[in-house]
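Here is model_33.txt, consisting of compact mmCIF, C-alpha atoms and all ligand atoms:
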# COMPACT_ATOMS: atom_id res chain seq x y z
CA MET A 27 138.48 15.43 118.82
CA HIS A 28 139.78 14.48 122.24
CA THR A 29 136.94 12.01 122.81
CA ARG A 30 137.24 10.55 119.32
CA THR A 31 140.97 10.07 119.88
CA CYS A 32 140.13 8.37 123.13
CA ALA A 33 137.78 5.96 121.31
CA ASP A 34 140.48 5.19 118.76
CA ARG A 35 142.94 4.48 121.57
CA ARG A 36 140.41 2.17 123.17
CA ALA A 37 140.07 0.21 119.94
CA LYS A 38 143.83 -0.36 119.92
CA ILE A 39 144.01 -1.79 123.45
CA GLY A 40 144.65 -5.50 123.40
CA THR A 41 146.03 -5.57 119.86
CA PRO A 42 149.51 -7.05 119.17
CA HIS A 43 150.74 -3.54 118.37
CA TRP A 44 149.54 -2.28 121.78
CA HIS A 45 151.26 -5.17 123.62
CA ARG A 46 154.49 -4.46 121.74
CA LEU A 47 154.35 -0.77 122.74
CA ASN A 48 153.82 -1.77 126.38
CA GLN A 49 156.86 -4.02 126.25
CA LEU A 50 158.94 -1.16 124.88
CA ARG A 51 157.68 1.21 127.55
CA THR A 52 158.16 -1.27 130.38
CA LYS A 53 161.68 -2.30 129.40
CA PRO A 54 163.56 0.70 130.83
CA LEU A 55 161.39 0.44 133.97
CA LEU A 56 162.31 -3.16 134.85
CA GLY A 57 164.00 -3.33 138.25
CA LEU A 58 162.06 -0.43 139.65
CA ILE A 59 160.12 -1.14 142.85
CA ASP A 60 156.68 -0.68 141.29
CA THR A 61 156.92 -1.32 137.57
CA HIS A 62 153.14 -1.31 137.12
CA SER A 63 152.68 2.17 138.63
CA ALA A 64 155.69 3.46 136.74
CA LEU A 65 154.22 2.17 133.49
CA TRP A 66 150.91 3.90 134.09
CA SER A 67 152.71 7.13 134.91
CA HIS A 68 154.37 7.02 131.48
CA PRO A 69 152.93 10.03 129.59
CA HIS A 70 151.87 7.95 126.58
CA HIS A 71 150.37 5.16 128.63
CA ALA A 72 148.52 7.60 130.91
CA LEU A 73 146.50 8.71 127.86
CA TYR A 74 144.89 5.26 127.87
CA ARG A 75 143.31 5.69 131.31
CA GLU A 76 140.38 7.61 129.86
CA ALA A 77 140.10 5.09 127.05
CA ASP A 78 139.81 2.34 129.64
CA VAL A 79 136.92 4.17 131.32
CA LEU A 80 135.20 4.37 127.93
CA ARG A 81 135.65 0.64 127.44
CA THR A 82 134.23 -0.12 130.89
CA ARG A 83 131.14 1.98 130.09
CA ALA A 84 130.73 0.22 126.73
CA GLU A 85 131.09 -3.24 128.28
CA ALA A 86 128.43 -2.38 130.85
CA ALA A 87 126.08 -1.12 128.14
CA LEU A 88 126.68 -3.91 125.63
CA GLN A 89 123.53 -5.95 125.23
CA PRO A 90 123.83 -9.75 125.04
CA LEU A 91 122.62 -11.44 121.88
CA PRO A 92 118.96 -12.60 121.88
CA ASN A 93 118.43 -15.81 123.89
CA ASN A 94 122.00 -15.45 125.19
CA ALA A 95 123.27 -16.94 121.95
CA LEU A 96 127.00 -17.57 121.75
CA GLU A 97 129.01 -15.03 119.82
CA GLU A 98 132.43 -15.35 118.18
CA PRO A 99 135.03 -13.25 120.06
CA GLN A 100 135.87 -11.29 116.91
CA ARG A 101 132.22 -10.35 116.32
CA ALA A 102 131.81 -9.41 119.99
CA LEU A 103 134.85 -7.15 119.68
CA ILE A 104 133.38 -5.47 116.59
CA ARG A 105 130.13 -4.82 118.47
CA LEU A 106 132.05 -3.49 121.47
CA ASN A 107 134.18 -1.14 119.34
CA SER A 108 131.08 0.09 117.54
CA LEU A 109 129.48 0.91 120.90
CA ILE A 110 132.66 2.64 122.08
CA SER A 111 132.57 4.82 118.97
CA LYS A 112 128.89 5.60 119.54
CA LEU A 113 129.52 6.56 123.18
CA ALA A 114 132.44 8.76 122.16
CA LYS A 115 130.29 10.60 119.58
CA SER A 116 127.53 11.05 122.14
CA ASP A 117 130.05 12.41 124.66
CA VAL A 118 131.34 14.90 122.10
CA ALA A 119 127.81 16.10 121.23
CA SER A 120 126.96 16.58 124.93
CA LEU A 121 130.23 18.35 125.66
CA MET A 122 129.89 20.74 122.72
CA ALA A 123 126.24 21.49 123.58
CA ARG A 124 127.25 22.34 127.16
CA GLU A 125 130.14 24.53 126.04
CA TRP A 126 127.97 26.32 123.45
CA ASP A 127 125.24 26.97 126.05
CA ALA A 128 127.79 28.31 128.52
CA TYR A 129 129.26 30.58 125.84
CA ARG A 130 125.98 32.04 124.61
CA LEU A 131 124.48 32.42 128.08
CA GLY A 132 127.67 34.18 129.17
CA LYS A 133 127.25 36.59 126.27
CA LEU A 134 123.60 37.27 127.05
CA VAL A 135 123.75 37.71 130.84
CA GLY A 136 122.45 41.20 131.51
CA ARG A 137 122.20 41.89 127.77
CA PRO A 138 119.13 39.99 126.47
CA HIS A 139 118.75 42.56 123.65
CA LEU A 140 121.80 40.97 122.03
CA THR A 141 119.65 38.02 120.93
CA PHE A 142 118.43 40.25 118.14
CA GLN A 143 121.85 41.67 117.34
CA ILE A 144 123.54 38.25 117.34
CA PRO A 145 121.13 35.77 115.70
CA ALA A 146 123.61 32.90 115.98
CA LEU A 147 123.19 32.99 119.77
CA VAL A 148 119.50 32.07 119.54
CA GLU A 149 120.08 28.59 118.19
CA GLU A 150 121.05 25.51 120.13
CA TRP A 151 124.11 23.43 119.30
CA GLY A 152 123.74 21.33 116.17
CA ASP A 153 124.38 21.22 112.45
CA ALA A 154 121.32 23.29 111.44
CA SER A 155 123.29 26.50 110.93
CA TRP A 156 125.79 24.72 108.70
CA ARG A 157 123.01 24.12 106.18
CA TYR A 158 122.38 27.87 105.76
CA TYR A 159 125.79 28.16 104.11
CA VAL A 160 125.77 25.07 101.88
CA LYS A 161 124.49 26.77 98.70
CA LEU A 162 126.33 30.07 99.18
CA ASP A 163 129.57 31.05 97.50
CA ARG A 164 132.41 32.39 99.62
CA GLN A 165 131.37 36.03 99.40
CA HIS A 166 127.75 35.41 100.40
CA ALA A 167 128.76 32.91 103.09
CA THR A 168 131.13 35.49 104.59
CA MET A 169 128.39 38.11 104.67
CA LEU A 170 125.98 35.64 106.28
CA LEU A 171 128.51 34.65 108.92
CA GLN A 172 129.19 38.29 109.74
CA CYS A 173 125.47 39.09 109.98
CA ARG A 174 124.69 36.06 112.12
CA THR A 175 127.55 36.71 114.54
CA SER A 176 127.51 40.55 114.36
CA TYR A 177 131.24 40.59 113.68
CA ILE A 178 130.62 43.05 110.87
CA GLY A 179 132.02 46.42 109.85
CA LEU A 180 128.92 48.49 110.58
CA ARG A 181 129.44 51.52 112.80
CA PHE A 182 127.41 50.26 115.78
CA HIS A 183 129.58 47.16 116.07
CA LEU A 184 132.89 48.90 115.33
CA PHE A 185 132.12 51.69 117.80
CA GLY A 186 131.18 49.18 120.52
CA ARG A 187 134.51 47.42 120.15
CA ALA A 188 136.51 50.64 119.79
CA ALA A 189 137.87 48.96 116.68
CA ARG A 190 138.66 52.10 114.67
CA GLU A 191 139.61 55.61 115.74
CA ASP A 192 137.71 57.20 112.84
CA ILE A 193 134.41 55.66 114.03
CA THR A 194 133.23 58.24 116.56
CA SER A 195 129.55 57.30 116.68
CA PRO A 196 127.42 54.14 116.46
CA SER A 197 124.72 55.99 114.49
CA CYS A 198 123.64 55.54 110.91
CA GLU A 199 124.15 58.46 108.51
CA CYS A 200 120.38 58.87 108.29
CA GLY A 201 120.33 60.00 111.93
CA THR A 202 117.34 57.86 112.90
CA GLY A 203 119.07 54.93 114.60
CA ASP A 204 122.16 52.86 115.23
CA HIS A 205 124.05 51.58 112.20
CA THR A 206 123.10 47.92 112.68
CA ILE A 207 121.99 45.06 110.44
CA LYS A 208 118.46 45.34 111.77
CA HIS A 209 118.31 49.10 111.19
CA LEU A 210 119.54 48.84 107.60
CA LEU A 211 117.24 45.96 106.80
CA LEU A 212 114.05 47.16 108.50
CA ASP A 213 114.17 50.85 109.38
CA CYS A 214 116.71 53.01 107.55
CA PRO A 215 114.85 55.58 105.41
CA ASN A 216 117.79 55.76 103.01
CA LEU A 217 117.12 52.16 101.91
CA ALA A 218 113.31 52.31 101.63
CA PRO A 219 113.04 51.52 97.87
CA GLN A 220 115.68 48.77 98.10
CA ARG A 221 113.83 47.27 101.08
CA LEU A 222 110.59 47.13 99.11
CA ALA A 223 112.40 45.38 96.28
CA LEU A 224 113.73 42.72 98.67
CA GLN A 225 110.29 42.29 100.22
CA SER A 226 108.67 41.74 96.85
CA GLN A 227 111.41 39.27 95.93
CA VAL A 228 111.14 36.99 99.00
CA GLY A 229 107.61 37.89 100.14
CA HIS A 230 108.49 39.11 103.65
CA LEU A 231 110.97 41.03 105.80
CA ASP A 232 111.22 38.50 108.62
CA PHE A 233 114.68 38.86 110.15
CA SER A 234 114.93 35.24 111.30
CA PHE A 235 113.98 33.84 107.87
CA LEU A 236 116.29 36.21 106.02
CA LEU A 237 119.28 35.03 108.04
CA THR A 238 118.43 31.36 107.55
CA ARG A 239 116.08 30.08 104.84
CA ASP A 240 116.38 33.11 102.53
CA ALA A 241 120.04 33.80 103.19
CA LYS A 242 121.01 33.99 99.49
CA ALA A 243 118.57 36.82 98.71
CA PHE A 244 119.38 38.62 101.95
CA THR A 245 123.17 38.43 101.62
CA THR A 246 122.98 39.60 97.99
CA TRP A 247 120.97 42.58 99.22
CA ALA A 248 123.37 43.23 102.09
CA ILE A 249 126.42 43.09 99.80
CA ASP A 250 124.75 45.62 97.48
CA HIS A 251 123.45 48.03 100.14
CA PHE A 252 125.42 47.81 103.39
CA GLY A 253 128.19 49.92 101.88
CA LEU A 254 131.00 47.64 103.07
CA ASP A 255 133.91 48.39 100.76
CA HIS A 256 135.63 45.00 100.99
CA PHE A 257 132.48 43.26 99.72
CA LYS A 258 132.18 45.76 96.85
CA THR A 259 135.79 45.14 95.88
CA ALA A 260 135.26 41.38 95.98
CA ALA A 261 132.09 41.68 93.84
CA GLU A 262 133.90 43.84 91.28
CA ALA A 263 136.82 41.42 91.11
CA ALA A 264 134.41 38.52 90.57
CA THR A 265 132.77 40.22 87.57
CA LYS A 266 136.07 41.04 85.83
ZN ZN B 1 119.84 54.69 108.60

Spit out the file's structure as structure tokens when you get a sec.
Amino acid sequence: MHTRTCADRRAKIGTPHWHRLNQLRTKPLLGLIDTHSALWSHPHHALYREADVLRTRAEAALQPLPNNALEEPQRALIRLNSLISKLAKSDVASLMAREWDAYRLGKLVGRPHLTFQIPALVEEWGDASWRYYVKLDRQHATMLLQCRTSYIGLRFHLFGRAAREDITSPSCECGTGDHTIKHLLLDCPNLAPQRLALQSQVGHLDFSFLLTRDAKAFTTWAIDHFGLDHFKTAAEAATK
């Protein structure tokens, strides 16, 4: 948002409105020793410094027309503003990718096993994960988000965060493993028949596919069998 705002500011530089604003800002500064420096120290005007850098980059990258053909100033300005917008979008994508990588690597340092517990951390920055939710209603989308991020009310996750005093163990009631998404989906003996039904429905029990391509079938199964009361209540309310 910051970079996009910067691009929008850049597009305004040089317009009559921008000149008028400068006049208004300079007026109370007239008579000062260094009016120019005082203007640029104005909090509103200072925001344009970064926009100016963006313009300089765009001007340097702007290709001349073929055969150095002459171009109307207005058309040149349109091309320049288009390039500024493109650079700003590219800057945003790079910045978000770097921040996402720093976040997920920070989470995984010394804990590589979390890649399985937190599937969202496996994927690089982009809009791919958004598509997993497009065809889901709110209830299923919420379940998918909780499964992909592991911010879910299963005992293993609640116990690890000391989220509730009544959760005194991370283990599943079956006694064979931790109460995790993976355990319920792949290993818990208490859900063996339900697991077979899901497998025959989608043709596999691949964790990565269930949390992406086959998210609708998986989240329906999870809502029915994870035993999370708030999802049960929501499902009951939806059928009334
Ligand atoms: Zn179990």

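In this structure, atom CA of Gln49 of chain A sits 27.5 Å away from atom CA of Ser108 of chain A.
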
Item to complete: Write as a PyMOL selection string the residues around ligand ZN 1 (chain B), taking 10 Å as the cut-off and counting all atoms listed in the file.
Response: chain A and resi 197-206+208-218

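Relative to atom CA of Ala146 of chain A, atom CA of Arg174 of chain A is found at 5.1 Å.
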
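The space between atom CA of Tyr159 of chain A and atom CA of Lys133 of chain A spans 23.8 Å.
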
Fill in: Using all atoms listed in the file: which of A:Leu134, A:Ile110, A:Ile104, A:Leu140 has the shortest distance to Arg35 of chain A
A:Ile110

Discussion item. Residues within 12 Å of segment 222-239 of chain A, please, as a ChimeraX atom specification. Count all atoms listed in the file; anything in the same chain fewer than 4 positions from it doesn't count.
Written reply: /A:141-146,148-149,154-162,166-167,169-176,207-218,243-248,250-251
